[in-house]
$ cat my_file_31.cif   # mmCIF, N, CA and C atoms
data_target
loop_
_atom_site.label_atom_id
_atom_site.label_comp_id
_atom_site.auth_asym_id
_atom_site.auth_seq_id
_atom_site.Cartn_x
_atom_site.Cartn_y
_atom_site.Cartn_z
N MET A 1 7.03 14.77 -7.19
CA MET A 1 7.13 13.35 -6.95
C MET A 1 7.00 13.11 -5.44
N THR A 2 6.25 12.09 -5.07
CA THR A 2 6.12 11.70 -3.67
C THR A 2 6.72 10.31 -3.52
N ILE A 3 7.57 10.15 -2.52
CA ILE A 3 8.23 8.87 -2.27
C ILE A 3 7.91 8.46 -0.84
N ASN A 4 7.28 7.32 -0.68
CA ASN A 4 7.03 6.79 0.65
C ASN A 4 8.32 6.22 1.19
N ALA A 5 8.63 6.54 2.44
CA ALA A 5 9.88 6.08 3.04
C ALA A 5 9.65 5.73 4.51
N LYS A 6 10.58 4.97 5.05
CA LYS A 6 10.55 4.58 6.45
C LYS A 6 11.80 5.15 7.12
N TYR A 7 11.65 5.71 8.30
CA TYR A 7 12.78 6.28 9.03
C TYR A 7 13.35 5.22 9.95
N GLU A 8 14.61 4.82 9.71
CA GLU A 8 15.29 3.80 10.51
C GLU A 8 16.74 4.19 10.72
N ASP A 9 17.19 4.05 11.93
CA ASP A 9 18.61 4.30 12.25
C ASP A 9 19.09 5.65 11.74
N GLY A 10 18.24 6.66 11.84
CA GLY A 10 18.62 8.01 11.44
C GLY A 10 18.62 8.27 9.95
N VAL A 11 18.03 7.35 9.17
CA VAL A 11 18.04 7.49 7.71
C VAL A 11 16.63 7.24 7.18
N PHE A 12 16.21 8.04 6.19
CA PHE A 12 14.94 7.80 5.50
C PHE A 12 15.22 6.80 4.38
N LYS A 13 14.55 5.65 4.42
CA LYS A 13 14.76 4.60 3.43
C LYS A 13 13.51 4.47 2.56
N PRO A 14 13.65 4.67 1.24
CA PRO A 14 12.48 4.57 0.35
C PRO A 14 11.87 3.18 0.41
N LEU A 15 10.55 3.12 0.30
CA LEU A 15 9.83 1.84 0.30
C LEU A 15 9.62 1.32 -1.12
N GLU A 16 10.13 2.04 -2.11
CA GLU A 16 9.97 1.66 -3.50
C GLU A 16 11.22 2.11 -4.26
N ASP A 17 11.40 1.63 -5.47
CA ASP A 17 12.53 2.07 -6.29
C ASP A 17 12.41 3.56 -6.57
N VAL A 18 13.54 4.26 -6.54
CA VAL A 18 13.56 5.70 -6.75
C VAL A 18 14.43 5.99 -7.98
N THR A 19 13.94 6.86 -8.85
CA THR A 19 14.66 7.17 -10.08
C THR A 19 15.26 8.57 -10.03
N ILE A 20 16.09 8.80 -9.03
CA ILE A 20 16.82 10.06 -8.95
C ILE A 20 18.30 9.73 -8.80
N ASP A 21 19.14 10.68 -9.17
CA ASP A 21 20.59 10.46 -9.12
C ASP A 21 21.08 10.39 -7.68
N GLU A 22 22.07 9.52 -7.47
CA GLU A 22 22.71 9.40 -6.17
C GLU A 22 23.27 10.76 -5.76
N GLY A 23 23.07 11.14 -4.53
CA GLY A 23 23.58 12.41 -4.02
C GLY A 23 22.65 13.59 -4.22
N THR A 24 21.50 13.36 -4.84
CA THR A 24 20.53 14.44 -5.04
C THR A 24 20.01 14.90 -3.69
N VAL A 25 19.99 16.20 -3.48
CA VAL A 25 19.46 16.77 -2.24
C VAL A 25 17.94 16.88 -2.41
N VAL A 26 17.21 16.36 -1.43
CA VAL A 26 15.74 16.39 -1.48
C VAL A 26 15.20 17.07 -0.23
N GLU A 27 13.95 17.44 -0.29
CA GLU A 27 13.27 18.03 0.86
C GLU A 27 12.28 17.01 1.39
N VAL A 28 12.32 16.76 2.68
CA VAL A 28 11.43 15.78 3.30
C VAL A 28 10.42 16.53 4.15
N ARG A 29 9.15 16.24 3.93
CA ARG A 29 8.08 16.86 4.71
C ARG A 29 7.36 15.76 5.46
N VAL A 30 7.34 15.85 6.77
CA VAL A 30 6.65 14.85 7.60
C VAL A 30 5.40 15.52 8.16
N PRO A 31 4.22 15.09 7.71
CA PRO A 31 2.99 15.70 8.21
C PRO A 31 2.77 15.38 9.69
N SER A 32 2.16 16.32 10.38
CA SER A 32 1.84 16.09 11.79
C SER A 32 0.71 15.07 11.89
N TYR A 33 0.50 14.58 13.07
CA TYR A 33 -0.57 13.60 13.30
C TYR A 33 -1.92 14.18 12.89
N SER A 34 -2.19 15.42 13.25
CA SER A 34 -3.49 16.03 12.90
C SER A 34 -3.62 16.21 11.39
N GLU A 35 -2.52 16.51 10.70
CA GLU A 35 -2.58 16.62 9.24
C GLU A 35 -2.89 15.27 8.59
N ARG A 36 -2.32 14.21 9.14
CA ARG A 36 -2.60 12.87 8.60
C ARG A 36 -4.05 12.49 8.82
N LEU A 37 -4.63 12.90 9.94
CA LEU A 37 -6.04 12.60 10.20
C LEU A 37 -6.94 13.34 9.23
N ARG A 38 -6.55 14.57 8.86
CA ARG A 38 -7.36 15.37 7.94
C ARG A 38 -7.15 14.98 6.48
N ALA A 39 -6.09 14.26 6.20
CA ALA A 39 -5.76 13.90 4.82
C ALA A 39 -6.86 13.05 4.20
N LYS A 40 -7.02 13.18 2.92
CA LYS A 40 -8.02 12.41 2.18
C LYS A 40 -7.71 10.92 2.31
N SER A 41 -8.73 10.14 2.57
CA SER A 41 -8.57 8.69 2.65
C SER A 41 -8.20 8.14 1.28
N ARG A 42 -7.39 7.10 1.28
CA ARG A 42 -7.04 6.45 0.03
C ARG A 42 -8.13 5.48 -0.37
N SER A 43 -8.36 5.38 -1.64
CA SER A 43 -9.32 4.43 -2.17
C SER A 43 -8.67 3.05 -2.27
N VAL A 44 -9.45 2.02 -2.20
CA VAL A 44 -8.92 0.67 -2.35
C VAL A 44 -8.22 0.55 -3.70
N GLY A 45 -8.73 1.23 -4.72
CA GLY A 45 -8.12 1.18 -6.05
C GLY A 45 -6.72 1.76 -6.10
N ASP A 46 -6.30 2.50 -5.07
CA ASP A 46 -4.96 3.08 -5.03
C ASP A 46 -3.89 2.07 -4.61
N PHE A 47 -4.30 0.95 -4.05
CA PHE A 47 -3.35 -0.03 -3.53
C PHE A 47 -2.93 -1.03 -4.62
N ALA A 48 -1.69 -1.48 -4.54
CA ALA A 48 -1.12 -2.36 -5.56
C ALA A 48 -1.89 -3.67 -5.72
N PHE A 49 -2.48 -4.17 -4.64
CA PHE A 49 -3.16 -5.45 -4.72
C PHE A 49 -4.52 -5.38 -5.40
N TYR A 50 -5.04 -4.18 -5.64
CA TYR A 50 -6.37 -4.03 -6.25
C TYR A 50 -6.40 -4.69 -7.63
N GLY A 51 -7.35 -5.56 -7.84
CA GLY A 51 -7.53 -6.21 -9.13
C GLY A 51 -6.64 -7.40 -9.40
N MET A 52 -5.88 -7.85 -8.37
CA MET A 52 -4.92 -8.93 -8.62
C MET A 52 -5.60 -10.27 -8.93
N TRP A 53 -6.86 -10.41 -8.61
CA TRP A 53 -7.57 -11.66 -8.89
C TRP A 53 -8.53 -11.53 -10.07
N LYS A 54 -8.46 -10.46 -10.81
CA LYS A 54 -9.44 -10.20 -11.86
C LYS A 54 -9.46 -11.28 -12.95
N ASP A 55 -8.34 -11.95 -13.19
CA ASP A 55 -8.27 -12.96 -14.23
C ASP A 55 -8.53 -14.37 -13.71
N ARG A 56 -8.86 -14.50 -12.44
CA ARG A 56 -9.12 -15.82 -11.85
C ARG A 56 -10.53 -16.26 -12.21
N SER A 57 -10.66 -17.37 -12.92
CA SER A 57 -11.98 -17.87 -13.31
C SER A 57 -12.64 -18.65 -12.17
N ASP A 58 -11.87 -19.06 -11.16
CA ASP A 58 -12.44 -19.84 -10.06
C ASP A 58 -13.05 -18.95 -8.97
N ILE A 59 -12.91 -17.65 -9.10
CA ILE A 59 -13.47 -16.73 -8.10
C ILE A 59 -14.56 -15.89 -8.76
N GLY A 60 -15.81 -16.28 -8.55
CA GLY A 60 -16.92 -15.50 -9.08
C GLY A 60 -17.26 -14.38 -8.12
N ASP A 61 -17.84 -14.75 -7.00
CA ASP A 61 -18.18 -13.81 -5.94
C ASP A 61 -17.07 -13.90 -4.88
N SER A 62 -16.29 -12.84 -4.74
CA SER A 62 -15.13 -12.90 -3.84
C SER A 62 -15.51 -13.13 -2.39
N VAL A 63 -16.63 -12.58 -1.96
CA VAL A 63 -17.07 -12.77 -0.57
C VAL A 63 -17.42 -14.24 -0.34
N GLU A 64 -18.15 -14.81 -1.26
CA GLU A 64 -18.51 -16.23 -1.15
C GLU A 64 -17.24 -17.10 -1.18
N TYR A 65 -16.30 -16.76 -2.04
CA TYR A 65 -15.05 -17.51 -2.15
C TYR A 65 -14.29 -17.52 -0.82
N ILE A 66 -14.15 -16.34 -0.21
CA ILE A 66 -13.44 -16.22 1.08
C ILE A 66 -14.20 -16.97 2.18
N ASN A 67 -15.51 -16.84 2.21
CA ASN A 67 -16.30 -17.56 3.22
C ASN A 67 -16.13 -19.07 3.07
N ASN A 68 -16.05 -19.57 1.85
CA ASN A 68 -15.81 -21.01 1.63
C ASN A 68 -14.43 -21.41 2.12
N LEU A 69 -13.42 -20.56 1.89
CA LEU A 69 -12.07 -20.85 2.39
C LEU A 69 -12.08 -20.93 3.91
N ARG A 70 -12.74 -20.00 4.54
CA ARG A 70 -12.81 -19.98 6.01
C ARG A 70 -13.51 -21.22 6.53
N HIS A 71 -14.58 -21.60 5.87
CA HIS A 71 -15.32 -22.79 6.28
C HIS A 71 -14.45 -24.04 6.16
N ASP A 72 -13.71 -24.15 5.05
CA ASP A 72 -12.84 -25.30 4.85
C ASP A 72 -11.73 -25.38 5.91
N LEU A 73 -11.23 -24.24 6.35
CA LEU A 73 -10.19 -24.23 7.38
C LEU A 73 -10.72 -24.73 8.72
N ARG A 74 -11.97 -24.41 8.98
CA ARG A 74 -12.58 -24.81 10.26
C ARG A 74 -13.09 -26.24 10.24
N GLY A 75 -13.28 -26.80 9.04
CA GLY A 75 -13.71 -28.19 8.92
C GLY A 75 -15.15 -28.29 8.99
#

$ encode --input "my_file_31.cif" --output "structure tokens"
Amino acid sequence: MTINAKYEDGVFKPLEDVTIDEGTVVEVRVPSYSERLRAKSRSVGDFAFYGMWKDRSDIGDSVEYINNLRHDLRG
């Protein structure tokens, strides 16, 4: 299991709900900067927001939709 966490005030705080028992001893591995650079890039499909507009009937071409929003903001 991999748990994304943020280090604050000397404590690793999970960024998502964790389903382990309180007091469980875990091992934390922090990759070096060079390891993170070599790591495989994440696909857009890996992110939670991917597909969130799939059921929207008012958005046909997403690029055109965003460009229209930008145009409307500028007047």

$ closest_residue --input "my_file_31.cif" --among "A:Arg42, A:His71, A:Asp61, A:Val28" --to "Val11 in chain A" --atoms "only C-alpha atoms"
A:Val28

$ select_by_dssp --input "my_file_31.cif" --residues "range 4-72 of chain A" --states "helix (DSSP H, G or I)" --output "PyMOL selection string"
chain A and resi 33-38+44-46+62-72

$ atom_distance --input "my_file_31.cif" --atom1 "atom C of Glu27 in chain A" --atom2 "atom N of Ile3 in chain A"
9.2 Å

$ atom_distance --input "my_file_31.cif" --atom1 "CA of Val44 in chain A" --atom2 "CA of Tyr7 in chain A"
25.1 Å

$ atom_distance --input "my_file_31.cif" --atom1 "CA of Val25 in chain A" --atom2 "CA of Phe12 in chain A"
12.7 Å

$ select_by_dssp --input "my_file_31.cif" --residues "chain A" --states "strand (DSSP E)" --output "PyMOL selection string"
chain A and resi 5-8+11-14

$ axis_aligned_box --input "my_file_31.cif" --around "range 23-35 of chain A" --padding-each-side "5 Å" --output "JSON"
{"center_x": 10.0, "center_y": 14.6, "center_z": 4.1, "size_x": 37.2, "size_y": 16.9, "size_z": 28.3}

$ decode --input "my_file_31.cif" --residues "range 37-54 of chain A" --atoms "N, CA and C atoms" --output "PDB file, in the first residue's frame"
ATOM      1  N   LEU A  37      12.979  12.422 -10.048  1.00  0.00           N
ATOM      2  CA  LEU A  37      13.134  12.824 -11.445  1.00  0.00           C
ATOM      3  C   LEU A  37      13.096  11.625 -12.373  1.00  0.00           C
ATOM      4  N   ARG A  38      13.657  10.500 -11.909  1.00  0.00           N
ATOM      5  CA  ARG A  38      13.682   9.286 -12.734  1.00  0.00           C
ATOM      6  C   ARG A  38      12.371   8.516 -12.707  1.00  0.00           C
ATOM      7  N   ALA A  39      11.524   8.817 -11.748  1.00  0.00           N
ATOM      8  CA  ALA A  39      10.268   8.079 -11.582  1.00  0.00           C
ATOM      9  C   ALA A  39       9.385   8.253 -12.813  1.00  0.00           C
ATOM     10  N   LYS A  40       8.606   7.249 -13.076  1.00  0.00           N
ATOM     11  CA  LYS A  40       7.676   7.275 -14.211  1.00  0.00           C
ATOM     12  C   LYS A  40       6.672   8.410 -14.024  1.00  0.00           C
ATOM     13  N   SER A  41       6.431   9.151 -15.073  1.00  0.00           N
ATOM     14  CA  SER A  41       5.447  10.228 -15.034  1.00  0.00           C
ATOM     15  C   SER A  41       4.057   9.641 -14.853  1.00  0.00           C
ATOM     16  N   ARG A  42       3.218  10.360 -14.139  1.00  0.00           N
ATOM     17  CA  ARG A  42       1.842   9.919 -13.972  1.00  0.00           C
ATOM     18  C   ARG A  42       1.024  10.328 -15.182  1.00  0.00           C
ATOM     19  N   SER A  43       0.097   9.505 -15.540  1.00  0.00           N
ATOM     20  CA  SER A  43      -0.818   9.794 -16.627  1.00  0.00           C
ATOM     21  C   SER A  43      -1.940  10.692 -16.107  1.00  0.00           C
ATOM     22  N   VAL A  44      -2.520  11.474 -16.968  1.00  0.00           N
ATOM     23  CA  VAL A  44      -3.652  12.311 -16.577  1.00  0.00           C
ATOM     24  C   VAL A  44      -4.766  11.432 -16.023  1.00  0.00           C
ATOM     25  N   GLY A  45      -4.931  10.231 -16.568  1.00  0.00           N
ATOM     26  CA  GLY A  45      -5.964   9.312 -16.103  1.00  0.00           C
ATOM     27  C   GLY A  45      -5.779   8.856 -14.666  1.00  0.00           C
ATOM     28  N   ASP A  46      -4.596   9.066 -14.090  1.00  0.00           N
ATOM     29  CA  ASP A  46      -4.329   8.677 -12.701  1.00  0.00           C
ATOM     30  C   ASP A  46      -4.887   9.678 -11.692  1.00  0.00           C
ATOM     31  N   PHE A  47      -5.238  10.870 -12.135  1.00  0.00           N
ATOM     32  CA  PHE A  47      -5.696  11.915 -11.232  1.00  0.00           C
ATOM     33  C   PHE A  47      -7.208  11.843 -11.007  1.00  0.00           C
ATOM     34  N   ALA A  48      -7.637  12.209  -9.809  1.00  0.00           N
ATOM     35  CA  ALA A  48      -9.046  12.090  -9.419  1.00  0.00           C
ATOM     36  C   ALA A  48      -9.974  12.908 -10.312  1.00  0.00           C
ATOM     37  N   PHE A  49      -9.500  14.028 -10.843  1.00  0.00           N
ATOM     38  CA  PHE A  49     -10.375  14.883 -11.636  1.00  0.00           C
ATOM     39  C   PHE A  49     -10.620  14.353 -13.047  1.00  0.00           C
ATOM     40  N   TYR A  50      -9.875  13.350 -13.475  1.00  0.00           N
ATOM     41  CA  TYR A  50     -10.010  12.820 -14.836  1.00  0.00           C
ATOM     42  C   TYR A  50     -11.436  12.301 -15.064  1.00  0.00           C
ATOM     43  N   GLY A  51     -12.070  12.769 -16.101  1.00  0.00           N
ATOM     44  CA  GLY A  51     -13.405  12.309 -16.467  1.00  0.00           C
ATOM     45  C   GLY A  51     -14.548  12.952 -15.710  1.00  0.00           C
ATOM     46  N   MET A  52     -14.254  13.990 -14.898  1.00  0.00           N
ATOM     47  CA  MET A  52     -15.312  14.565 -14.070  1.00  0.00           C
ATOM     48  C   MET A  52     -16.387  15.287 -14.883  1.00  0.00           C
ATOM     49  N   TRP A  53     -16.094  15.630 -16.119  1.00  0.00           N
ATOM     50  CA  TRP A  53     -17.082  16.313 -16.959  1.00  0.00           C
ATOM     51  C   TRP A  53     -17.682  15.390 -18.012  1.00  0.00           C
ATOM     52  N   LYS A  54     -17.455  14.107 -17.919  1.00  0.00           N
ATOM     53  CA  LYS A  54     -17.876  13.186 -18.975  1.00  0.00           C
ATOM     54  C   LYS A  54     -19.387  13.174 -19.193  1.00  0.00           C
TER      55      LYS A  54
END
